[in-house]
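S.K.: Here you go, coords.cif (mmCIF, C-alpha atoms):
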```
data_my_file
loop_
_atom_site.label_atom_id
_atom_site.label_comp_id
_atom_site.auth_asym_id
_atom_site.auth_seq_id
_atom_site.Cartn_x
_atom_site.Cartn_y
_atom_site.Cartn_z
CA MET A 14 14.68 -21.48 -22.30
CA ARG A 15 14.55 -21.42 -26.16
CA PHE A 16 11.18 -19.69 -26.01
CA ILE A 17 12.45 -17.04 -23.56
CA THR A 18 15.59 -16.53 -25.65
CA ALA A 19 13.48 -16.10 -28.78
CA LEU A 20 11.28 -13.51 -27.04
CA LEU A 21 14.34 -11.69 -25.77
CA CYS A 22 15.91 -11.60 -29.25
CA SER A 23 12.63 -10.35 -30.72
CA SER A 24 12.40 -7.63 -28.06
CA LEU A 25 15.98 -6.54 -28.70
CA ALA A 26 15.41 -6.49 -32.46
CA GLN A 27 12.32 -4.29 -32.08
CA ALA A 28 14.22 -1.93 -29.76
CA ALA A 29 17.07 -1.69 -32.29
CA PHE A 30 14.63 -0.96 -35.16
CA GLY A 31 12.93 1.72 -33.05
CA ALA A 32 16.27 3.34 -32.27
CA VAL A 33 17.02 3.60 -36.02
CA ILE A 34 13.83 5.44 -36.92
CA ALA A 35 13.55 7.56 -33.75
CA ALA A 36 14.39 11.25 -33.99
CA PRO A 37 17.58 12.14 -32.13
CA GLU A 38 17.22 13.99 -28.85
CA LYS A 39 19.47 15.39 -26.15
CA ARG A 40 19.68 13.25 -23.02
CA ALA A 41 21.21 13.55 -19.58
CA VAL A 42 24.42 11.58 -19.28
CA ALA A 43 26.17 10.31 -16.16
CA TYR A 44 29.91 9.88 -16.34
CA GLY A 45 30.45 7.73 -13.26
CA PHE A 46 30.51 8.10 -9.51
CA SER A 47 31.84 11.47 -8.43
CA GLY A 48 30.69 11.61 -4.82
CA GLY A 49 28.31 14.44 -5.80
CA SER A 50 25.42 14.93 -8.16
CA VAL A 51 24.95 13.09 -11.42
CA LYS A 52 26.51 15.19 -14.16
CA SER A 53 24.63 15.99 -17.37
CA SER A 54 25.59 16.89 -20.92
CA ARG A 55 24.23 20.04 -22.56
CA GLY A 56 24.67 21.02 -26.14
CA SER A 57 25.83 17.60 -27.33
CA LEU A 58 23.98 14.44 -28.26
CA ALA A 59 24.25 11.89 -25.43
CA ARG A 60 24.51 8.14 -25.91
CA ARG A 61 22.06 5.83 -24.19
CA GLY A 62 23.19 3.52 -21.43
CA GLU A 63 23.81 -0.17 -22.02
CA GLU A 64 20.99 -2.70 -22.23
CA TYR A 65 22.66 -6.07 -21.84
CA ASN A 66 21.71 -9.43 -23.37
CA MET A 67 22.22 -12.91 -21.91
CA ASP A 68 25.78 -13.27 -23.20
CA ARG A 69 26.76 -9.86 -21.87
CA LEU A 70 25.12 -10.69 -18.52
CA ASP A 71 27.57 -13.56 -17.99
CA ASP A 72 30.49 -11.19 -18.58
CA LEU A 73 29.07 -8.56 -16.22
CA GLU A 74 28.51 -11.14 -13.47
CA GLU A 75 32.11 -12.30 -13.76
CA GLU A 76 33.44 -8.74 -13.68
CA ALA A 77 31.30 -7.88 -10.62
CA GLU A 78 32.77 -10.75 -8.57
CA ASP A 79 35.77 -8.60 -7.63
CA ALA A 80 33.82 -5.63 -6.27
CA SER A 81 35.05 -4.43 -2.88
CA LYS A 82 32.86 -3.34 0.04
CA GLU A 83 33.82 0.28 -0.63
CA GLN A 84 32.83 -0.02 -4.30
CA ILE A 85 29.51 -1.62 -3.35
CA TYR A 86 28.69 1.38 -1.16
CA GLN A 87 29.83 3.76 -3.91
CA SER A 88 27.41 2.06 -6.30
CA ILE A 89 24.62 2.47 -3.73
CA ASP A 90 25.48 6.17 -3.42
CA TYR A 91 25.32 6.46 -7.19
CA LEU A 92 21.92 4.78 -7.51
CA ALA A 93 20.50 6.59 -4.47
CA ASN A 94 21.54 9.92 -5.99
CA ILE A 95 19.66 9.11 -9.19
CA PHE A 96 16.60 7.87 -7.30
CA ASN A 97 16.54 11.02 -5.17
CA GLN A 98 16.71 13.21 -8.27
CA LYS A 99 13.98 11.20 -10.02
CA GLY A 100 11.65 11.04 -7.00
CA VAL A 101 12.03 7.28 -6.50
CA GLY A 102 11.83 5.94 -2.95
CA TYR A 103 14.18 3.09 -2.07
CA GLY A 104 15.06 0.87 0.87
CA LEU A 105 18.20 -1.21 1.28
CA MET A 106 17.78 -4.86 2.16
CA GLY A 107 19.91 -8.02 2.00
CA GLY A 108 23.50 -8.14 3.22
CA VAL A 109 24.09 -4.38 3.06
CA ALA A 110 21.09 -3.77 5.31
CA MET A 111 22.48 -6.29 7.78
CA GLN A 112 25.82 -4.46 7.79
CA LEU A 113 24.07 -1.16 8.47
CA TYR A 114 22.10 -2.72 11.35
CA GLY A 115 25.46 -3.60 12.89
CA TYR A 116 26.36 -7.04 11.51
CA GLU A 117 29.73 -5.76 10.31
CA ASP A 118 31.17 -9.17 9.39
CA ARG A 119 28.24 -9.96 7.08
CA GLU A 120 29.73 -10.62 3.63
CA THR A 121 28.04 -9.72 0.37
CA LYS A 122 29.14 -9.31 -3.24
CA ASP A 123 26.32 -7.00 -4.30
CA SER A 124 23.56 -4.77 -2.96
CA ASP A 125 19.82 -5.35 -2.74
CA MET A 126 17.16 -2.68 -2.60
CA THR A 127 13.43 -2.32 -3.08
CA ILE A 128 11.92 0.71 -4.83
CA ASN A 129 8.44 2.22 -5.13
CA VAL A 130 8.11 2.18 -8.93
CA ASN A 131 7.55 -0.65 -11.42
CA SER A 132 10.12 -2.12 -13.79
CA ARG A 133 9.06 0.02 -16.77
CA ASP A 134 9.46 3.24 -14.81
CA LEU A 135 12.82 2.11 -13.40
CA LEU A 136 14.27 1.31 -16.82
CA ASP A 137 12.97 4.57 -18.23
CA LYS A 138 14.64 6.58 -15.45
CA ILE A 139 18.08 4.98 -15.90
CA LYS A 140 18.16 4.30 -19.65
CA ASP A 141 20.36 7.32 -20.47
CA ASP A 142 22.98 6.69 -17.81
CA GLN A 143 26.15 5.32 -19.37
CA ALA A 144 27.47 4.10 -16.00
CA ILE A 145 24.56 1.65 -15.60
CA ALA A 146 24.04 -1.59 -17.52
CA ARG A 147 20.38 -2.60 -17.34
CA PRO A 148 18.33 -5.66 -18.34
CA PRO A 149 15.86 -5.63 -21.24
CA PRO A 150 12.20 -5.05 -20.28
CA LEU A 151 11.29 -8.73 -20.64
CA MET A 152 13.92 -9.75 -18.09
CA ALA A 153 13.08 -6.95 -15.64
CA ALA A 154 9.39 -7.89 -15.78
CA SER A 155 10.19 -10.79 -13.43
CA GLY A 156 10.08 -8.27 -10.58
CA THR A 157 13.83 -7.97 -10.04
CA ALA A 158 16.12 -5.83 -12.20
CA ARG A 159 19.78 -6.83 -12.03
CA LEU A 160 21.74 -3.60 -12.54
CA PHE A 161 25.49 -3.14 -12.93
CA VAL A 162 27.02 0.19 -11.94
CA LYS A 163 30.51 0.98 -13.18
CA ILE A 164 32.66 2.46 -10.43
CA GLY A 165 35.96 3.40 -12.04
CA ASP A 166 36.90 0.24 -13.95
CA GLN A 167 34.89 -2.06 -11.68
CA GLN A 168 31.39 -3.38 -12.36
CA VAL A 169 29.22 -3.60 -9.23
CA ALA A 170 25.96 -5.59 -9.18
CA SER A 171 22.71 -4.50 -7.56
CA ASP A 172 19.40 -6.35 -7.41
CA VAL A 173 16.54 -3.85 -7.52
CA PHE A 174 13.15 -5.24 -6.48
CA VAL A 175 10.43 -3.28 -8.23
CA GLN A 176 6.86 -2.81 -7.11
CA GLY A 177 4.51 -5.51 -8.37
CA GLY A 178 7.08 -8.29 -8.01
CA ASP A 179 6.35 -11.32 -5.83
CA GLN A 180 9.60 -10.85 -3.90
CA SER A 181 9.32 -7.07 -3.47
CA PRO A 182 8.76 -5.86 0.09
CA PRO A 183 7.03 -2.53 0.74
CA VAL A 184 9.27 0.53 0.93
CA GLU A 185 8.95 1.06 4.69
CA THR A 186 12.23 2.58 5.78
CA HIS A 187 14.24 4.66 8.22
CA GLN A 188 17.71 6.15 7.94
CA ILE A 189 20.90 4.54 9.22
CA ASN A 190 24.17 6.39 8.59
CA GLY A 191 22.53 8.43 5.84
CA TYR A 192 21.06 5.42 3.97
CA TRP A 193 17.37 4.50 3.71
CA VAL A 194 17.12 0.95 5.10
CA LEU A 195 14.11 -1.34 5.33
CA ASN A 196 12.43 -1.46 8.71
CA LEU A 197 12.94 -4.73 10.58
CA ALA A 198 9.47 -6.15 9.86
CA PRO A 199 9.64 -6.00 6.03
CA LEU A 200 13.32 -6.99 6.12
CA ILE A 201 12.61 -10.09 8.23
CA ASN A 202 9.54 -10.92 6.15
CA SER A 203 11.67 -10.89 3.00
CA LYS A 204 14.25 -13.18 4.61
CA LEU A 205 11.70 -15.63 6.04
CA ARG A 206 10.01 -15.78 2.63
CA ARG A 207 13.25 -16.80 0.92
CA ALA A 208 14.46 -18.87 3.89
CA GLU A 209 17.91 -19.76 2.62
CA ASP A 210 20.59 -20.61 5.19
CA LYS A 211 22.09 -17.12 4.99
CA ASP A 212 18.66 -15.54 5.51
CA ASN A 213 17.93 -17.70 8.55
CA GLU A 214 21.31 -16.77 10.03
CA ASP A 215 20.50 -13.09 9.48
CA VAL A 216 17.13 -13.39 11.22
CA LEU A 217 18.69 -15.14 14.22
CA TRP A 218 21.38 -12.42 14.40
CA LEU A 219 18.69 -9.73 14.43
CA ILE A 220 16.81 -11.52 17.21
CA GLN A 221 19.99 -11.93 19.26
CA ASN A 222 21.25 -8.38 18.72
CA LYS A 223 18.13 -6.28 18.02
CA GLY A 224 15.67 -8.32 20.05
CA SER A 225 13.63 -5.51 21.59
CA ASP A 226 13.23 -3.79 18.21
CA VAL A 227 12.22 -7.06 16.54
CA ASN A 228 9.75 -7.74 19.35
CA ALA A 229 8.19 -4.30 18.89
CA GLN A 230 7.53 -5.06 15.20
CA ALA A 231 6.75 -8.78 15.54
CA ASP A 232 3.01 -8.38 14.85
CA ALA A 233 3.87 -6.99 11.39
CA ILE A 234 5.85 -10.15 10.53
CA ASP A 235 3.89 -13.00 8.95
CA GLN A 236 2.74 -15.24 11.81
CA GLY A 237 2.95 -18.48 9.86
CA ARG A 238 6.56 -17.79 8.91
CA ARG A 239 7.38 -16.80 12.48
CA ILE A 240 6.04 -20.14 13.70
CA GLU A 241 7.87 -22.18 11.07
CA PHE A 242 11.16 -20.39 11.77
CA THR A 243 10.80 -20.88 15.52
CA LYS A 244 10.15 -24.59 15.10
CA THR A 245 13.53 -25.04 13.44
CA PHE A 246 15.10 -24.54 16.88
CA ILE A 247 13.28 -27.49 18.47
CA GLU A 248 15.76 -30.17 19.52
CA ASP A 249 15.12 -33.83 20.32
CA ASP A 250 15.41 -33.25 24.06
CA ASP A 251 12.85 -30.45 23.86
CA GLU A 252 10.26 -32.75 22.28
CA GLU A 253 10.84 -35.55 24.75
CA GLU A 254 10.86 -33.42 27.88
CA GLY A 255 8.58 -30.58 26.79
CA GLU A 256 11.26 -28.04 27.62
CA GLU A 257 12.87 -25.28 25.61
CA ASN A 258 16.52 -24.74 24.78
CA ASP A 259 17.84 -21.18 25.02
CA ASN A 260 17.56 -20.30 21.32
CA LEU A 261 14.05 -21.74 21.04
CA LYS A 262 12.83 -19.72 24.02
CA LEU A 263 14.55 -16.54 22.80
CA VAL A 264 13.11 -16.77 19.28
CA ARG A 265 9.62 -17.71 20.48
CA GLU A 266 9.40 -14.88 23.00
CA THR A 267 10.90 -12.29 20.63
CA PHE A 268 8.39 -13.29 17.95
CA LYS A 269 5.50 -13.05 20.48
CA LEU A 270 4.51 -16.69 20.14
CA SER A 271 3.02 -18.92 22.83
CA LYS A 272 4.25 -22.42 23.64
CA GLU A 273 0.94 -23.77 22.38
CA GLN A 274 1.52 -22.22 18.94
CA ILE A 275 4.83 -24.05 18.70
CA TRP A 276 3.93 -27.39 20.21
CA ASP A 277 0.26 -27.94 19.27
CA ASP A 278 1.12 -29.02 15.74
#
```
Have the structure of the file written as structure tokens, please.
M.R.:
Amino acid sequence: MRFITALLCSSLAQAAFGAVIAAPEKRAVAYGFSGGSVKSSRGSLARRGEEYNMDRLDDLEEEAEDASKEQIYQSIDYLANIFNQKGVGYGLMGGVAMQLYGYEDRETKDSDMTINVNSRDLLDKIKDDQAIARPPPLMAASGTARLFVKIGDQQVASDVFVQGGDQSPPVETHQINGYWVLNLAPLINSKLRRAEDKDNEDVLWLIQNKGSDVNAQADAIDQGRRIEFTKTFIEDDDEEEGEENDNLKLVRETFKLSKEQIWDD
């Protein structure tokens, strides 16, 4: 942690020195969510957006805890508008994607999206926007950039998975209610890879409520992860009697798996 902190401080110091000697230039400035296009400033020198440090990150996280569902979607609108203007493809994932697929009671305190550019390009495209607080390059190089979009007086958090990151799914999308959302195969792959309780609940919900669509894309979902997920539904009685409970049968058949693939191990 001390080594990372030292690197971060060094990076911030170099950025500050560069800002002192750099020639001033006019930059586009966003003034906050307006429901329309991102506004720009002409004829006046614009200030750069905020690049936060570790101490500031703690404050931003605390402020973002109170974001409402409406504000989360406003922040998505804001980022999507910028990405559309800058030619960046995106796909919503996580809890917001689940809501758009129809899981209306799915709770989330932020948004998650994957984009088709790397972390350097992302930071360069948003650096002049005063409504967005962004991480320093060293932190974003992990493959996930934690952004904070200011909607009115409220900070709203968004995890942006950049290309090249280990956790970044491909941007394979379709539109739902005007938003670009990950297709079921990459969405389920991302959830099976992380495999936290919330992710497993999401996958089961998709199988129970979007079963035919999941079945149609099952071959594009990692087979090993499909098998491991399906095995979590084996109950003691199933092992003893060689039978299947309802959830086990549903998941296995939706994922296009044979009984032998589940029981041979």
S.K.: Between A:Gln98, A:Asp125, A:Lys163, A:Leu92, which is the closest to Leu73 (chain A) once you count only C-alpha atoms?
M.R.: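 Smallest distance to Leu73 (chain A) is found for A:Lys163.
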S.K.: Identify, on the basis of all atoms listed in the file, every residue whose closest approach to Val101 (chain A) does not exceed 7 Å; exclude the query and any residue fewer than 4 positions from it along the same chain; express the result as a compact mmCIF listing (two decimals) with C-alpha atoms, in the frame of the given file.
M.R.:
```txt
# COMPACT_ATOMS: atom_id res chain seq x y z
CA PHE A 96 16.60 7.87 -7.30
CA ASN A 97 16.54 11.02 -5.17
CA ILE A 128 11.92 0.71 -4.83
CA ASN A 129 8.44 2.22 -5.13
CA VAL A 130 8.11 2.18 -8.93
```
S.K.: Considering all atoms listed in the file, give me a table of residues in region 191-264 of chain A that are at most 9 Å from region 171-183 of chain A, with the closest atom pair and distance in Å for each, as a Markdown table.
M.R.:
```
| residue | atom | partner | partner_atom | distance |
| --- | --- | --- | --- | --- |
| A:Leu195 | CA | A:Pro183 | CA | 8.5 |
| A:Pro199 | CA | A:Pro182 | CA | 6.0 |
| A:Leu200 | CA | A:Pro182 | CA | 7.6 |
| A:Asn202 | CA | A:Pro182 | CA | 7.9 |
| A:Ser203 | CA | A:Pro182 | CA | 6.5 |
| A:Arg206 | CA | A:Gln180 | CA | 8.2 |
| A:Arg207 | CA | A:Gln180 | CA | 8.5 |
```
S.K.: May I have the residues within 9 Å of Thr267 (chain A) as number ranges by chain, using all atoms listed in the file and disregarding those fewer than 6 positions away in the same chain?
M.R.: A: 220, 224-225, 227-229, 231
S.K.: Report as a list of chain:residue names all protein, DNA and RNA residues lying within 9 Å of Asp123 (chain A), evaluated on all atoms listed in the file, omitting residues in the same chain fewer than 2 positions from it.
M.R.: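 With the cut-off at 9 Å, the set is A:Ala77, A:Glu78, A:Ala80, A:Lys82, A:Ile85, A:Gly108, A:Val109, A:Thr121, A:Asp125, A:Val169, A:Ala170, A:Ser171, A:Asp172.
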S.K.: Report, in Å to a single decimal, how far apart CA of Asn94 (chain A) and CA of Asn190 (chain A) are.
M.R.: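 A separation of 15.2 Å between them.
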S.K.: Applying the PyMOL selection byres ((chain A and resi 70) around 10) to the file I just gave you, which residues come out? Please list them as number ranges by chain.
M.R.: A: 64-69, 71-76, 146-148, 159-161
S.K.: Using the chain letters and numbers from this file, what does the PyMOL selection byres ((chain A and resi 221) around 12) select? Give the answer as a ChimeraX atom specification.
M.R.: /A:115-116,214-220,222-228,259-268
S.K.: Could you save those same residues with C-alpha atoms as a CSV table (one decimal), in the coordinates of the input?
M.R.:
```csv
chain,number,residue,atom,x,y,z
A,115,GLY,CA,25.5,-3.6,12.9
A,116,TYR,CA,26.4,-7.0,11.5
A,214,GLU,CA,21.3,-16.8,10.0
A,215,ASP,CA,20.5,-13.1,9.5
A,216,VAL,CA,17.1,-13.4,11.2
A,217,LEU,CA,18.7,-15.1,14.2
A,218,TRP,CA,21.4,-12.4,14.4
A,219,LEU,CA,18.7,-9.7,14.4
A,220,ILE,CA,16.8,-11.5,17.2
A,222,ASN,CA,21.2,-8.4,18.7
A,223,LYS,CA,18.1,-6.3,18.0
A,224,GLY,CA,15.7,-8.3,20.0
A,225,SER,CA,13.6,-5.5,21.6
A,226,ASP,CA,13.2,-3.8,18.2
A,227,VAL,CA,12.2,-7.1,16.5
A,228,ASN,CA,9.8,-7.7,19.4
A,259,ASP,CA,17.8,-21.2,25.0
A,260,ASN,CA,17.6,-20.3,21.3
A,261,LEU,CA,14.0,-21.7,21.0
A,262,LYS,CA,12.8,-19.7,24.0
A,263,LEU,CA,14.6,-16.5,22.8
A,264,VAL,CA,13.1,-16.8,19.3
A,265,ARG,CA,9.6,-17.7,20.5
A,266,GLU,CA,9.4,-14.9,23.0
A,267,THR,CA,10.9,-12.3,20.6
A,268,PHE,CA,8.4,-13.3,18.0
```
S.K.: To one decimal in Å, tell me the separation between CA of Ala233 (chain A) and CA of Ser132 (chain A).
M.R.: 26.4 Å
S.K.: What does the distance from CA of Lys204 (chain A) to CA of Lys99 (chain A) come to in Å, to one decimal?
M.R.: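 Result for CA of Lys204 (chain A) versus CA of Lys99 (chain A): 28.4 Å, one decimal.
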S.K.: Determine the nearest neighbour of Lys140 (chain A) from the options A:Ile234, A:Gly62, A:Gly100, A:Thr245, counting only C-alpha atoms.
M.R.: A:Gly62
S.K.: Which of these, A:Asn131, A:Glu256, A:Gly102, A:Glu241, has the shortest distance to Gln274 (chain A) once you count all atoms listed in the file?
M.R.: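 Smallest distance to Gln274 (chain A) is found for A:Glu241.
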S.K.: To box region 180-191 of chain A, take all atoms listed in the file, fit an axis-aligned box, add 6 Å on each side, and give centre and edge lengths in Å to one decimal, as JSON.
M.R.:
```
{"center_x": 15.6, "center_y": -1.2, "center_z": 2.7, "size_x": 29.1, "size_y": 31.3, "size_z": 25.1}
```
S.K.: Go through A:Lys211, A:Ile201, A:Pro149, A:Glu257 and flag the residue nearest Glu120 (chain A), using all atoms listed in the file for the distances.
M.R.: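 Of the candidates, the smallest distance to Glu120 (chain A) is held by A:Lys211.
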S.K.: Quick one: apply the PyMOL selection byres ((chain A and resi 113) around 10) to the file and drop the selected residues here as JSON, numbers by chain.
M.R.: {"A": [105, 106, 108, 109, 110, 111, 112, 114, 115, 116, 117, 119, 188, 189, 190, 192, 193, 194]}
S.K.: Using all atoms listed in the file, which of the listed residues (A:Ser88, A:Gln230, A:Gln143, A:Gln236) sits closest to Gln167 (chain A)?
M.R.: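 Of A:Ser88, A:Gln230, A:Gln143, A:Gln236, the one nearest Gln167 (chain A), counting all atoms listed in the file, is A:Ser88.
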S.K.: Given the block above, output region 183-202 of chain A with N, CA, C and O atoms as a CSV table (one decimal), in the first residue's frame.
M.R.:
```
chain,number,residue,atom,x,y,z
A,183,PRO,N,-16.7,-8.0,-23.5
A,183,PRO,CA,-16.8,-7.3,-24.8
A,183,PRO,C,-18.0,-6.5,-24.9
A,183,PRO,O,-19.0,-6.8,-24.2
A,184,VAL,N,-18.0,-5.4,-25.7
A,184,VAL,CA,-19.1,-4.5,-25.8
A,184,VAL,C,-20.0,-5.1,-26.9
A,184,VAL,O,-20.0,-4.7,-28.1
A,185,GLU,N,-20.8,-6.1,-26.5
A,185,GLU,CA,-21.8,-6.8,-27.4
A,185,GLU,C,-23.1,-6.4,-26.8
A,185,GLU,O,-23.5,-6.9,-25.7
A,186,THR,N,-23.9,-5.6,-27.5
A,186,THR,CA,-25.0,-5.0,-26.9
A,186,THR,C,-26.3,-5.0,-27.8
A,186,THR,O,-26.2,-5.2,-29.0
A,187,HIS,N,-27.4,-4.6,-27.2
A,187,HIS,CA,-28.6,-4.3,-27.9
A,187,HIS,C,-29.3,-3.2,-27.0
A,187,HIS,O,-29.0,-3.0,-25.9
A,188,GLN,N,-30.3,-2.6,-27.6
A,188,GLN,CA,-31.0,-1.5,-26.9
A,188,GLN,C,-32.2,-2.0,-26.1
A,188,GLN,O,-33.0,-2.8,-26.6
A,189,ILE,N,-32.4,-1.5,-24.9
A,189,ILE,CA,-33.6,-1.7,-24.1
A,189,ILE,C,-33.9,-0.3,-23.6
A,189,ILE,O,-33.2,0.4,-22.9
A,190,ASN,N,-35.1,0.1,-23.9
A,190,ASN,CA,-35.6,1.5,-23.4
A,190,ASN,C,-34.7,2.6,-23.7
A,190,ASN,O,-34.5,3.5,-22.9
A,191,GLY,N,-34.0,2.5,-24.9
A,191,GLY,CA,-33.1,3.6,-25.3
A,191,GLY,C,-31.7,3.5,-24.8
A,191,GLY,O,-30.8,4.3,-25.1
A,192,TYR,N,-31.4,2.5,-23.9
A,192,TYR,CA,-30.0,2.3,-23.4
A,192,TYR,C,-29.4,1.1,-24.1
A,192,TYR,O,-30.0,0.0,-24.3
A,193,TRP,N,-28.1,1.2,-24.3
A,193,TRP,CA,-27.3,0.1,-24.8
A,193,TRP,C,-26.9,-0.9,-23.6
A,193,TRP,O,-26.2,-0.4,-22.7
A,194,VAL,N,-27.4,-2.1,-23.7
A,194,VAL,CA,-27.2,-3.0,-22.6
A,194,VAL,C,-26.5,-4.3,-23.1
A,194,VAL,O,-26.7,-4.7,-24.2
A,195,LEU,N,-25.6,-4.8,-22.2
A,195,LEU,CA,-24.9,-6.0,-22.6
A,195,LEU,C,-25.9,-7.2,-23.0
A,195,LEU,O,-26.9,-7.4,-22.3
A,196,ASN,N,-25.5,-7.9,-24.0
A,196,ASN,CA,-26.3,-9.1,-24.4
A,196,ASN,C,-26.2,-10.1,-23.2
A,196,ASN,O,-25.3,-10.0,-22.4
A,197,LEU,N,-27.1,-11.0,-23.2
A,197,LEU,CA,-27.2,-12.0,-22.0
A,197,LEU,C,-25.9,-12.8,-21.8
A,197,LEU,O,-25.4,-13.0,-20.7
A,198,ALA,N,-25.3,-13.2,-22.9
A,198,ALA,CA,-24.1,-14.1,-22.8
A,198,ALA,C,-22.9,-13.3,-22.1
A,198,ALA,O,-22.4,-13.8,-21.1
A,199,PRO,N,-22.5,-12.1,-22.6
A,199,PRO,CA,-21.4,-11.5,-21.9
A,199,PRO,C,-21.8,-11.0,-20.5
A,199,PRO,O,-21.0,-11.0,-19.6
A,200,LEU,N,-23.1,-10.7,-20.3
A,200,LEU,CA,-23.6,-10.3,-19.0
A,200,LEU,C,-23.5,-11.4,-18.0
A,200,LEU,O,-22.9,-11.3,-16.9
A,201,ILE,N,-23.9,-12.6,-18.4
A,201,ILE,CA,-23.9,-13.8,-17.5
A,201,ILE,C,-22.4,-14.2,-17.3
A,201,ILE,O,-22.0,-14.6,-16.2
A,202,ASN,N,-21.6,-14.1,-18.3
A,202,ASN,CA,-20.2,-14.5,-18.2
A,202,ASN,C,-19.5,-13.6,-17.1
A,202,ASN,O,-18.8,-14.1,-16.3
```
